[in-house]
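So this one's coords-v9.txt, compact mmCIF, C-alpha atoms:
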# COMPACT_ATOMS: atom_id res chain seq x y z
CA MET A 16 122.36 104.12 227.41
CA ALA A 17 124.11 103.66 224.10
CA ALA A 18 123.84 107.06 222.67
CA GLU A 19 123.75 110.51 224.14
CA MET A 20 121.63 113.61 223.58
CA ALA A 21 123.68 116.79 223.25
CA LEU A 22 123.71 120.17 221.58
CA VAL A 23 126.06 120.91 218.75
CA LYS A 24 129.65 122.05 219.17
CA PRO A 25 132.79 120.92 217.33
CA ILE A 26 135.14 118.46 218.99
CA SER A 27 138.60 117.16 218.34
CA LYS A 28 139.58 116.12 214.84
CA PHE A 29 140.83 112.67 213.89
CA ASN A 30 142.69 111.25 210.95
CA THR A 31 139.96 110.12 208.57
CA SER A 32 142.10 108.11 206.18
CA ILE A 33 140.88 104.58 205.64
CA PRO A 34 142.84 102.27 207.92
CA LYS A 35 144.11 98.85 207.04
CA PHE A 36 144.21 95.74 209.14
CA GLY A 37 147.50 94.00 209.66
CA SER A 38 148.62 90.79 211.18
CA SER A 39 151.79 92.06 212.84
CA ARG A 40 151.57 92.59 216.57
CA CYS A 41 151.90 95.99 218.14
CA SER A 42 154.78 96.55 220.53
CA LYS A 43 153.91 95.85 224.14
CA THR A 44 152.85 98.79 226.23
CA ARG A 45 152.21 99.30 229.88
CA PHE A 46 148.69 99.19 231.24
CA LEU A 47 147.23 102.68 231.47
CA SER A 48 144.58 103.93 233.86
CA VAL A 49 142.56 106.49 231.97
CA LYS A 50 140.37 108.83 233.97
CA MET A 51 138.80 110.57 230.99
CA ALA A 52 140.31 109.81 227.64
CA SER A 53 139.88 111.12 224.14
CA THR A 54 142.52 110.62 221.50
CA VAL A 55 145.04 108.03 222.54
CA ALA A 56 148.69 108.97 222.37
CA PRO A 57 151.41 106.33 222.32
CA PRO A 58 152.05 105.31 225.93
CA SER A 59 155.32 106.20 227.59
CA LYS A 60 157.71 103.35 228.25
CA LYS A 61 158.87 105.01 231.45
CA LYS A 62 155.66 105.31 233.37
CA SER A 63 151.89 105.03 233.05
CA GLN A 64 149.98 108.01 231.75
CA LYS A 65 146.59 109.40 232.69
CA GLN A 66 144.73 111.26 230.02
CA GLU A 67 141.81 113.64 230.24
CA ILE A 68 138.96 113.96 227.79
CA LYS A 69 138.46 117.16 225.84
CA GLU A 70 134.98 118.08 227.00
CA SER A 71 132.46 119.40 224.50
CA LEU A 72 128.74 119.45 223.95
CA LEU A 73 129.11 116.34 221.79
CA THR A 74 130.81 114.39 224.57
CA PRO A 75 128.80 111.64 226.30
CA ARG A 76 127.49 113.20 229.48
CA PHE A 77 126.05 112.24 232.84
CA TYR A 78 122.47 113.17 233.75
CA THR A 79 120.53 113.95 236.87
CA THR A 80 116.90 114.94 237.33
CA ASP A 81 114.29 116.19 239.80
CA PHE A 82 113.90 113.01 241.83
CA ASP A 83 111.12 114.50 243.97
CA GLU A 84 109.03 115.19 240.87
CA MET A 85 109.82 111.70 239.59
CA GLU A 86 108.51 110.23 242.86
CA GLN A 87 105.27 112.19 242.49
CA LEU A 88 104.80 111.09 238.89
CA PHE A 89 104.89 107.41 239.82
CA ASN A 90 103.32 107.51 243.25
CA THR A 91 100.50 104.98 242.98
CA GLU A 92 98.50 106.77 245.70
CA ILE A 93 98.54 110.07 243.78
CA ASN A 94 98.23 108.54 240.30
CA ASN A 95 95.85 105.66 240.75
CA LYS A 96 95.30 105.36 236.98
CA LEU A 97 98.82 104.14 236.30
CA ASN A 98 98.72 100.98 234.19
CA MET A 99 100.61 98.83 236.65
CA GLY A 100 99.78 95.71 234.65
CA GLU A 101 102.04 96.91 231.85
CA PHE A 102 104.87 97.70 234.25
CA GLU A 103 104.52 94.31 235.94
CA ALA A 104 104.74 92.58 232.55
CA LEU A 105 107.87 94.55 231.77
CA LEU A 106 109.31 93.70 235.18
CA GLN A 107 108.91 89.99 234.51
CA GLU A 108 110.75 90.39 231.20
CA PHE A 109 113.63 92.21 232.89
CA LYS A 110 113.79 89.59 235.64
CA THR A 111 114.23 86.90 233.01
CA ASP A 112 117.64 88.47 232.26
CA PHE A 113 118.09 87.04 228.79
CA ASN A 114 121.72 88.18 228.62
CA GLN A 115 122.87 86.91 232.02
CA THR A 116 125.47 84.60 230.47
CA HIS A 117 125.95 86.43 227.19
CA PHE A 118 128.91 88.70 227.97
CA VAL A 119 131.65 86.09 228.28
CA ARG A 120 135.01 86.94 226.75
CA ASN A 121 137.52 84.66 225.08
CA LYS A 122 141.10 84.85 223.81
CA GLU A 123 139.97 86.33 220.48
CA PHE A 124 139.62 89.77 222.09
CA LYS A 125 143.27 90.29 223.00
CA GLU A 126 144.49 88.67 219.79
CA ALA A 127 142.31 91.00 217.67
CA ALA A 128 143.45 94.06 219.64
CA ASP A 129 147.10 93.20 219.11
CA LYS A 130 146.55 92.96 215.35
CA MET A 131 144.78 96.30 215.07
CA GLN A 132 147.07 99.07 213.82
CA GLY A 133 147.22 102.67 212.73
CA PRO A 134 144.31 105.14 212.77
CA LEU A 135 141.75 102.38 213.31
CA ARG A 136 143.38 101.35 216.59
CA GLN A 137 143.31 104.91 217.86
CA ILE A 138 139.73 105.59 216.91
CA PHE A 139 138.53 102.16 218.02
CA VAL A 140 139.88 102.85 221.50
CA GLU A 141 137.95 106.10 221.51
CA PHE A 142 134.82 104.20 220.44
CA LEU A 143 135.24 101.91 223.46
CA GLU A 144 135.84 104.85 225.79
CA ARG A 145 132.83 106.85 224.61
CA SER A 146 130.58 103.79 224.65
CA CYS A 147 131.73 102.81 228.14
CA THR A 148 131.13 106.35 229.42
CA ALA A 149 127.62 106.43 227.93
CA GLU A 150 126.70 103.04 229.41
CA PHE A 151 128.10 104.00 232.82
CA SER A 152 126.11 107.24 232.70
CA GLY A 153 122.94 105.18 232.26
CA PHE A 154 123.94 102.93 235.15
CA LEU A 155 124.30 105.88 237.54
CA LEU A 156 120.99 107.48 236.56
CA TYR A 157 119.00 104.24 236.64
CA LYS A 158 120.54 103.15 239.92
CA GLU A 159 119.56 106.40 241.64
CA LEU A 160 116.03 106.27 240.21
CA GLY A 161 115.68 102.70 241.45
CA ARG A 162 116.71 103.81 244.92
CA ARG A 163 114.51 106.91 245.04
CA LEU A 164 111.32 105.25 243.75
CA LYS A 165 111.53 102.17 245.97
CA LYS A 166 108.88 103.40 248.43
CA THR A 167 106.50 105.18 246.06
CA ASN A 168 106.44 102.59 243.27
CA PRO A 169 108.38 99.37 243.97
CA VAL A 170 107.63 97.88 240.55
CA VAL A 171 108.98 100.82 238.56
CA ALA A 172 111.89 101.11 241.00
CA GLU A 173 112.87 97.49 240.48
CA ILE A 174 112.81 97.92 236.70
CA PHE A 175 115.17 100.88 236.99
CA SER A 176 117.45 98.78 239.21
CA LEU A 177 117.45 95.95 236.68
CA MET A 178 118.23 98.38 233.87
CA SER A 179 121.16 99.69 235.93
CA ARG A 180 122.31 96.05 236.11
CA ASP A 181 122.26 95.90 232.31
CA GLU A 182 124.12 99.19 231.92
CA ALA A 183 126.77 98.18 234.46
CA ARG A 184 127.25 94.90 232.60
CA HIS A 185 127.69 96.76 229.30
CA ALA A 186 130.10 99.31 230.80
CA GLY A 187 132.16 96.58 232.42
CA PHE A 188 132.35 94.61 229.19
CA LEU A 189 133.48 97.68 227.26
CA ASN A 190 136.01 98.62 229.93
CA LYS A 191 137.38 95.09 229.83
CA GLY A 192 137.76 95.59 226.08
CA LEU A 193 139.91 98.63 226.78
CA SER A 194 142.23 96.39 228.78
CA ASP A 195 143.00 94.57 225.53
CA PHE A 196 144.55 97.88 224.41
CA ASN A 197 146.39 98.30 227.75
CA LEU A 198 143.93 100.96 228.93
CA ALA A 199 141.12 101.26 231.45
CA LEU A 200 138.59 103.91 232.39
CA ASP A 201 138.58 104.87 236.06
CA LEU A 202 134.81 104.67 236.53
CA GLY A 203 135.02 105.67 240.18
CA PHE A 204 136.81 108.84 239.18
CA LEU A 205 134.20 109.52 236.51
CA THR A 206 131.43 109.27 239.09
CA LYS A 207 132.98 111.98 241.24
CA ALA A 208 134.66 114.24 238.70
CA ARG A 209 132.25 114.35 235.77
CA LYS A 210 129.84 117.26 235.46
CA TYR A 211 126.17 116.29 235.59
CA THR A 212 123.54 117.75 233.24
CA PHE A 213 120.16 118.42 234.84
CA PHE A 214 117.03 117.49 232.91
CA LYS A 215 113.46 117.63 234.14
CA PRO A 216 111.80 114.18 234.18
CA LYS A 217 109.93 114.66 230.91
CA PHE A 218 113.16 115.61 229.16
CA ILE A 219 114.85 112.54 230.66
CA PHE A 220 112.05 110.46 229.13
CA TYR A 221 112.41 112.00 225.65
CA ALA A 222 116.21 111.92 225.59
CA THR A 223 116.67 108.49 227.11
CA TYR A 224 114.00 106.85 224.99
CA LEU A 225 115.76 108.15 221.88
CA SER A 226 119.16 107.16 223.24
CA GLU A 227 118.07 103.57 223.85
CA LYS A 228 116.25 103.17 220.54
CA ILE A 229 118.99 104.72 218.45
CA GLY A 230 121.44 102.47 220.28
CA TYR A 231 119.37 99.47 219.28
CA TRP A 232 119.39 100.42 215.60
CA ARG A 233 123.12 101.18 215.62
CA TYR A 234 124.02 97.85 217.19
CA ILE A 235 121.72 95.66 215.14
CA THR A 236 122.76 97.38 211.89
CA ILE A 237 126.46 96.86 212.61
CA TYR A 238 125.81 93.25 213.64
CA ARG A 239 123.88 92.45 210.45
CA HIS A 240 126.48 94.15 208.27
CA LEU A 241 129.39 92.22 209.79
CA LYS A 242 127.49 88.96 209.66
CA GLU A 243 127.17 89.46 205.91
CA ASN A 244 130.73 90.79 205.56
CA PRO A 245 132.87 88.83 208.06
CA GLU A 246 136.11 90.06 206.49
CA TYR A 247 135.51 93.37 208.35
CA GLN A 248 135.06 91.67 211.73
CA CYS A 249 138.12 93.33 213.27
CA TYR A 250 137.20 92.81 216.93
CA PRO A 251 134.89 90.19 218.48
CA ILE A 252 132.81 92.65 220.51
CA PHE A 253 130.59 93.11 217.44
CA LYS A 254 129.55 89.47 217.60
CA TYR A 255 127.75 90.28 220.86
CA PHE A 256 125.65 93.09 219.39
CA GLU A 257 122.66 90.95 218.38
CA ASN A 258 121.72 90.10 221.98
CA TRP A 259 123.20 93.28 223.40
CA CYS A 260 120.89 95.48 221.34
CA GLN A 261 117.86 93.75 222.86
CA ASP A 262 118.78 95.29 226.21
CA GLU A 263 118.66 98.70 224.52
CA ASN A 264 115.33 97.82 222.94
CA ARG A 265 113.78 96.72 226.24
CA HIS A 266 115.01 99.86 227.96
CA GLY A 267 113.41 101.96 225.23
CA ASP A 268 110.14 100.04 225.60
CA PHE A 269 110.16 100.81 229.32
CA PHE A 270 110.55 104.54 228.68
CA SER A 271 107.74 104.29 226.16
CA ALA A 272 105.57 102.82 228.93
CA LEU A 273 106.66 105.61 231.30
CA MET A 274 105.55 108.26 228.80
CA LYS A 275 102.25 106.49 228.18
CA ALA A 276 101.69 106.58 231.93
CA GLN A 277 102.09 110.37 231.79
CA PRO A 278 100.01 111.40 228.75
CA GLN A 279 100.56 115.09 229.53
CA PHE A 280 104.06 114.58 228.11
CA LEU A 281 102.62 113.45 224.78
CA ASN A 282 99.30 115.10 224.05
CA ASP A 283 99.75 118.86 223.73
CA TRP A 284 101.49 121.34 221.44
CA LYS A 285 104.46 121.73 223.79
CA ALA A 286 105.07 117.98 223.67
CA LYS A 287 105.19 118.16 219.88
CA LEU A 288 107.77 120.94 219.95
CA TRP A 289 109.94 119.19 222.52
CA SER A 290 109.69 115.87 220.69
CA ARG A 291 111.02 117.45 217.50
CA PHE A 292 113.76 119.26 219.43
CA PHE A 293 115.07 116.09 221.03
CA CYS A 294 114.87 114.15 217.77
CA LEU A 295 116.89 116.84 216.03
CA SER A 296 119.44 117.07 218.82
CA VAL A 297 120.04 113.32 218.95
CA TYR A 298 120.19 112.86 215.17
CA VAL A 299 122.50 115.84 214.54
CA THR A 300 124.80 114.88 217.41
CA MET A 301 125.21 111.36 216.06
CA TYR A 302 125.71 112.52 212.48
CA LEU A 303 128.40 115.09 213.34
CA ASN A 304 130.14 112.74 215.75
CA ASP A 305 130.23 109.87 213.28
CA CYS A 306 131.34 112.00 210.34
CA GLN A 307 134.35 113.05 212.42
CA ARG A 308 135.10 109.36 212.96
CA SER A 309 134.56 108.02 209.47
CA ALA A 310 137.81 106.02 209.76
CA PHE A 311 136.11 103.77 212.29
CA TYR A 312 133.08 103.03 210.12
CA GLU A 313 135.13 102.66 206.95
CA GLY A 314 137.39 100.30 208.89
CA ILE A 315 134.44 97.95 209.42
CA GLY A 316 133.25 98.35 205.85
CA LEU A 317 130.45 100.88 206.34
CA ASP A 318 129.74 104.13 204.54
CA THR A 319 129.37 106.52 207.49
CA LYS A 320 126.62 108.72 206.09
CA GLN A 321 124.61 105.84 204.67
CA PHE A 322 124.86 104.02 207.97
CA ASP A 323 123.78 107.07 209.94
CA MET A 324 120.84 107.83 207.68
CA HIS A 325 119.63 104.24 207.93
CA VAL A 326 119.84 104.43 211.73
CA ILE A 327 118.12 107.83 211.83
CA ILE A 328 115.27 106.72 209.56
CA GLU A 329 114.63 103.49 211.47
CA THR A 330 114.85 105.25 214.84
CA ASN A 331 112.47 107.94 213.62
CA ARG A 332 109.95 105.34 212.44
CA THR A 333 110.14 103.62 215.82
CA THR A 334 109.86 106.92 217.69
CA ALA A 335 106.79 107.91 215.67
CA ARG A 336 104.87 105.19 217.51
CA ILE A 337 105.05 107.16 220.76
CA PHE A 338 106.16 110.77 220.13
CA PRO A 339 103.33 113.11 219.07
CA ALA A 340 105.46 114.57 216.27
CA VAL A 341 108.76 113.63 214.62
CA LEU A 342 111.03 115.11 211.98
CA ASP A 343 110.56 114.30 208.30
CA VAL A 344 113.98 112.68 208.07
CA GLU A 345 113.11 110.88 204.82
CA ASN A 346 112.75 114.20 203.06
CA PRO A 347 115.99 114.56 201.00
CA GLU A 348 116.32 118.13 202.22
CA PHE A 349 116.89 116.89 205.78
CA LYS A 350 120.03 115.00 204.76
CA ARG A 351 121.23 117.96 202.73
CA LYS A 352 120.97 120.09 205.85
CA LEU A 353 122.90 117.50 207.85
CA ASP A 354 125.65 117.48 205.23
CA ARG A 355 125.86 121.27 205.30
CA MET A 356 126.20 121.10 209.10
CA VAL A 357 129.09 118.67 208.65
CA GLU A 358 130.80 121.11 206.27
CA ILE A 359 130.34 124.01 208.70
CA ASN A 360 131.51 121.92 211.64
CA THR A 361 134.63 120.93 209.70
CA LYS A 362 135.42 124.60 209.14
CA LEU A 363 134.91 125.27 212.85
CA LEU A 364 137.38 122.53 213.66
CA ALA A 365 139.86 123.99 211.20
CA VAL A 366 139.63 127.36 212.94
CA GLY A 367 140.48 125.67 216.23
CA ASP A 368 143.57 124.12 214.64
CA THR A 369 145.05 127.43 213.49
CA GLU A 370 147.82 129.28 215.31
CA ASP A 371 145.68 132.41 215.69
CA ILE A 372 145.23 134.01 219.09
CA PRO A 373 141.95 133.14 220.88
CA LEU A 374 140.32 136.47 220.02
CA VAL A 375 140.90 135.98 216.31
CA LYS A 376 139.69 132.40 216.49
CA ASN A 377 136.48 133.48 218.20
CA LEU A 378 135.88 136.19 215.60
CA LYS A 379 136.33 133.62 212.81
CA ARG A 380 133.91 131.27 214.55
CA ILE A 381 131.06 133.78 214.79
CA PRO A 382 129.80 133.54 211.17
CA LEU A 383 130.28 129.77 211.18
CA ILE A 384 128.31 129.31 214.41
CA ALA A 385 125.60 131.56 212.98
CA ALA A 386 125.48 129.42 209.83
CA LEU A 387 125.28 126.23 211.89
CA ALA A 388 122.49 127.67 214.05
CA ASN A 389 120.64 128.68 210.89
CA GLU A 390 120.82 125.12 209.51
CA LEU A 391 119.64 123.71 212.82
CA LEU A 392 116.70 126.09 212.95
CA ALA A 393 115.80 125.39 209.33
CA ALA A 394 115.84 121.63 210.01
CA TYR A 395 113.69 122.09 213.10
CA LEU A 396 111.16 124.21 211.20
CA MET A 397 110.74 121.72 208.37
CA LYS A 398 107.18 120.42 208.19
CA PRO A 399 107.00 117.67 210.83
CA ILE A 400 105.18 114.35 210.72
CA GLU A 401 102.23 114.15 213.08
CA SER A 402 102.50 110.82 214.84
CA GLY A 403 102.17 108.89 218.06
CA SER A 404 99.26 107.71 220.13
CA VAL A 405 98.70 106.94 223.80
CA ASP A 406 96.00 104.45 222.80
CA PHE A 407 98.20 101.40 222.36
CA ALA A 408 97.19 97.80 222.22
CA GLU A 409 97.81 95.72 225.31
CA PHE A 410 101.50 95.35 226.05
CA GLU A 411 103.07 92.35 224.42
CA PRO A 412 106.74 91.72 225.21
CA GLN A 413 108.55 90.88 222.03
CA LEU A 414 111.98 90.97 220.44
CA VAL A 415 112.50 93.24 217.46
CA TYR A 416 115.10 92.46 214.80

Once more with this new file: its structure as structure tokens, please.
Amino acid sequence: MAAEMALVKPISKFNTSIPKFGSSRCSKTRFLSVKMASTVAPPSKKKSQKQEIKESLLTPRFYTTDFDEMEQLFNTEINNKLNMGEFEALLQEFKTDFNQTHFVRNKEFKEAADKMQGPLRQIFVEFLERSCTAEFSGFLLYKELGRRLKKTNPVVAEIFSLMSRDEARHAGFLNKGLSDFNLALDLGFLTKARKYTFFKPKFIFYATYLSEKIGYWRYITIYRHLKENPEYQCYPIFKYFENWCQDENRHGDFFSALMKAQPQFLNDWKAKLWSRFFCLSVYVTMYLNDCQRSAFYEGIGLDTKQFDMHVIIETNRTTARIFPAVLDVENPEFKRKLDRMVEINTKLLAVGDTEDIPLVKNLKRIPLIAALANELLAAYLMKPIESGSVDFAEFEPQLVY
């Protein structure tokens, strides 16, 4: 689960100056066990440190759902019209496990980490932490769904279990990357200590489908960019994105099949409203998050806003194949609204950085939060694009590049 759905709230600020790569090695540090990390402070030479993440509504989160309802939705005795042929075809594709031997590290990882300096090093560590947390979140959700659906629908249950395999593989690979920076996420601690967000099954379908598809477009776009501009290849993990993103794509295709199996989630006016809501939430969350981390994208030679708009547009076009309505993200006004949200969010962050007492800070935030809510509502109320269809051609497994 490469990207997360969340509502909008400002989070910690980072240095956005464009970093430079250097060849000198960083001083050796002790290995840190990080339970929940955000910005990375220089480690103490005396003893290991444990850092905690600054939670916000933009932070990658863990999800749970109504498992009893999920069992009813995919109970083959209750829903005898489920297209099990499509699920069985998907199951065979997952069993093939195209990336079984893909995630193999080499000495380039540690060497690249040692050369990384300054703001880029700090924000790259945070990229690894957030990505690892998001992937591990997917692992936990998929694993539990695989366990709970085993009796009612073994085929769907096995697909969820195989997707949890993929997510665990991704999380482990990212966590191993953190070890190159003398850090590690305590995933066992995350499982117990992290707060879980409850979503009804249909909301899990909307949010997770978008998360997987937007993850695909992020990974493949970065991979293509760095293939054309190898001078920005600062860390070898990006070389793995071409195959990695196909896991995200397959996961998204599975959630598309799940929604097609439950047409009530796609064919009424409520589905249209919810589809637009989740599109807006995912797109805005990514845009605000990335604009706060422009140093990372500039460090790999990308213009943050151009990159995000490309990802949003491609994700929206893909999503339009299944969602009954999507946002008109190619309307120039949509980007203008996103940019105004970035400006407002920056002001909100600035308020948090002042020395004012909490009461004064909250009073200063009120008009800014109102302005942000107004932009969100205006973006949501823009004329949508009617889209989607549950009348698809027969399922044909394929790779999308």

Quick one: residues within 12 Å of A:Pro382, all atoms listed in the file counted, chain neighbours fewer than 3 positions away excluded, as a ChimeraX atom specification? /A:359-360,362-363,366,376-379,385-389

With C-alpha atoms retained, write the just-selected residues as a PDB file, keeping the file's coordinate frame.
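The result, stored in out.pdb:
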ATOM      1  CA  ILE A 359     130.340 124.010 208.700  1.00  0.00           C
ATOM      2  CA  ASN A 360     131.510 121.920 211.640  1.00  0.00           C
ATOM      3  CA  LYS A 362     135.420 124.600 209.140  1.00  0.00           C
ATOM      4  CA  LEU A 363     134.910 125.270 212.850  1.00  0.00           C
ATOM      5  CA  VAL A 366     139.630 127.360 212.940  1.00  0.00           C
ATOM      6  CA  LYS A 376     139.690 132.400 216.490  1.00  0.00           C
ATOM      7  CA  ASN A 377     136.480 133.480 218.200  1.00  0.00           C
ATOM      8  CA  LEU A 378     135.880 136.190 215.600  1.00  0.00           C
ATOM      9  CA  LYS A 379     136.330 133.620 212.810  1.00  0.00           C
ATOM     10  CA  ALA A 385     125.600 131.560 212.980  1.00  0.00           C
ATOM     11  CA  ALA A 386     125.480 129.420 209.830  1.00  0.00           C
ATOM     12  CA  LEU A 387     125.280 126.230 211.890  1.00  0.00           C
ATOM     13  CA  ALA A 388     122.490 127.670 214.050  1.00  0.00           C
ATOM     14  CA  ASN A 389     120.640 128.680 210.890  1.00  0.00           C
TER      15      ASN A 389
END

Might you pull out every residue within 9 Å of A:Asn331, with all atoms listed in the file counted and same-chain residues fewer than 6 positions away left off, and present them as a list in words? Leu225, Ile229, Cys294, Val341, Leu342, Asp343 and Val344 of chain A

Point out the residue among A:Phe113, A:Phe151, A:Tyr298, A:Phe139 with the least atom-to-atom distance to A:Asn258, counting only C-alpha atoms. A:Phe113

Selection near A:Phe154, 10 Å with only C-alpha atoms, sequence-local residues under 2 positions removed, as an MDAnalysis selection string: chainID A and resid 16 77 148:152 156:160 175:186

Write the residues you've just listed into a file as a compact mmCIF listing (two decimals), in the coordinates of the input, and include C-alpha atoms for each of them.
# COMPACT_ATOMS: atom_id res chain seq x y z
CA MET A 16 122.36 104.12 227.41
CA PHE A 77 126.05 112.24 232.84
CA THR A 148 131.13 106.35 229.42
CA ALA A 149 127.62 106.43 227.93
CA GLU A 150 126.70 103.04 229.41
CA PHE A 151 128.10 104.00 232.82
CA SER A 152 126.11 107.24 232.70
CA LEU A 156 120.99 107.48 236.56
CA TYR A 157 119.00 104.24 236.64
CA LYS A 158 120.54 103.15 239.92
CA GLU A 159 119.56 106.40 241.64
CA LEU A 160 116.03 106.27 240.21
CA PHE A 175 115.17 100.88 236.99
CA SER A 176 117.45 98.78 239.21
CA LEU A 177 117.45 95.95 236.68
CA MET A 178 118.23 98.38 233.87
CA SER A 179 121.16 99.69 235.93
CA ARG A 180 122.31 96.05 236.11
CA ASP A 181 122.26 95.90 232.31
CA GLU A 182 124.12 99.19 231.92
CA ALA A 183 126.77 98.18 234.46
CA ARG A 184 127.25 94.90 232.60
CA HIS A 185 127.69 96.76 229.30
CA ALA A 186 130.10 99.31 230.80

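Separating atom CA of A:Thr334 from atom CA of A:His240 is a distance of 23.0 Å.
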
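With only C-alpha atoms as the atoms that count, the residue of A:Thr361, A:Asn346, A:Thr236, A:Gln277 with the shortest distance to A:Leu317 is A:Thr236.
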
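Using all atoms listed in the file for every distance, the candidate list A:Val299, A:Thr223, A:Pro339, A:Glu390 yields A:Thr223 as the residue closest to A:Glu263.
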
For A:Phe269, which residue out of A:Tyr395, A:Glu345, A:Glu108, A:Gly367 is the nearest one, using all atoms listed in the file? A:Glu108

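Between A:Cys306 and the residues A:Asn190, A:Thr319, A:Ser271, A:Thr167, the shortest atom-to-atom distance, using only C-alpha atoms, involves A:Thr319.
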
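In this comparison, which uses only C-alpha atoms, the residue of A:Phe311, A:Phe89, A:Phe124, A:Tyr231 approaching A:Asp262 most closely is A:Tyr231.
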
For stretch 353-367 of chain A, what centre and edge lengths in Å (one decimal) does the axis-aligned box get once 8 Å is added on each side of all its listed atoms, as JSON?
{"center_x": 131.7, "center_y": 122.4, "center_z": 210.7, "size_x": 33.6, "size_y": 25.9, "size_z": 27.0}

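For the pair atom CA of A:Glu227 and atom CA of A:Gly267, the separation is 5.1 Å.
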
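For A:Pro216, the set of protein, DNA and RNA residues having any atom at most 12 Å away, when counting only C-alpha atoms and skipping those fewer than 2 positions along the same chain, is Tyr78, Thr79, Thr80, Asp81, Phe82, Asp83, Glu84, Met85, Glu86, Gln87, Leu88, Phe89, Leu156, Leu160, Phe213, Phe214, Phe218, Ile219, Phe220, Tyr221, Ala222, Thr223, Tyr224, Phe270, Leu273, Met274, Gln277 and Phe280 of chain A.
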
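Atom CA of A:Arg233 is positioned 28.5 Å from atom CA of A:Pro278.
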
Show which residues sit within 8 Å of A:Val326, as a list in words. Count only C-alpha atoms, and ignore same-chain residues fewer than 2 positions away. Ile229, Trp232, Arg233, Thr236, Phe322, Asp323, Met324, Ile328, Glu329 and Thr330 of chain A

When you write stretch 375-379 of chain A out from the block above, keep all heavy atoms and present the result as a JSON list (two decimals), in the first residue's frame, please.
[["chain", "number", "residue", "atom", "x", "y", "z"],
["A", 375, "VAL", "N", -3.44, 31.46, 21.60],
["A", 375, "VAL", "CA", -3.21, 32.42, 20.52],
["A", 375, "VAL", "C", -2.98, 31.69, 19.20],
["A", 375, "VAL", "O", -3.49, 32.08, 18.14],
["A", 375, "VAL", "CB", -2.03, 33.34, 20.85],
["A", 375, "VAL", "CG1", -1.69, 34.24, 19.66],
["A", 375, "VAL", "CG2", -2.34, 34.19, 22.08],
["A", 376, "LYS", "N", -2.22, 30.61, 19.26],
["A", 376, "LYS", "CA", -1.99, 29.83, 18.05],
["A", 376, "LYS", "C", -3.30, 29.32, 17.47],
["A", 376, "LYS", "O", -3.53, 29.40, 16.25],
["A", 376, "LYS", "CB", -1.07, 28.64, 18.35],
["A", 376, "LYS", "CG", 0.39, 28.99, 18.57],
["A", 376, "LYS", "CD", 1.21, 27.73, 18.74],
["A", 376, "LYS", "CE", 2.69, 28.05, 18.92],
["A", 376, "LYS", "NZ", 3.52, 26.83, 19.06],
["A", 377, "ASN", "N", -4.16, 28.79, 18.32],
["A", 377, "ASN", "CA", -5.44, 28.25, 17.84],
["A", 377, "ASN", "C", -6.32, 29.34, 17.24],
["A", 377, "ASN", "O", -7.01, 29.12, 16.24],
["A", 377, "ASN", "CB", -6.17, 27.54, 18.98],
["A", 377, "ASN", "CG", -5.50, 26.23, 19.37],
["A", 377, "ASN", "OD1", -4.82, 25.62, 18.55],
["A", 377, "ASN", "ND2", -5.68, 25.82, 20.62],
["A", 378, "LEU", "N", -6.28, 30.52, 17.85],
["A", 378, "LEU", "CA", -7.07, 31.64, 17.31],
["A", 378, "LEU", "C", -6.54, 32.05, 15.93],
["A", 378, "LEU", "O", -7.33, 32.37, 15.03],
["A", 378, "LEU", "CB", -7.03, 32.83, 18.26],
["A", 378, "LEU", "CG", -7.80, 32.66, 19.58],
["A", 378, "LEU", "CD1", -7.55, 33.85, 20.51],
["A", 378, "LEU", "CD2", -9.30, 32.51, 19.31],
["A", 379, "LYS", "N", -5.23, 32.04, 15.75],
["A", 379, "LYS", "CA", -4.64, 32.37, 14.46],
["A", 379, "LYS", "C", -4.95, 31.32, 13.40],
["A", 379, "LYS", "O", -5.02, 31.60, 12.21],
["A", 379, "LYS", "CB", -3.13, 32.54, 14.60],
["A", 379, "LYS", "CG", -2.69, 33.79, 15.35],
["A", 379, "LYS", "CD", -1.17, 33.89, 15.40],
["A", 379, "LYS", "CE", -0.71, 35.17, 16.08],
["A", 379, "LYS", "NZ", 0.78, 35.26, 16.13]]
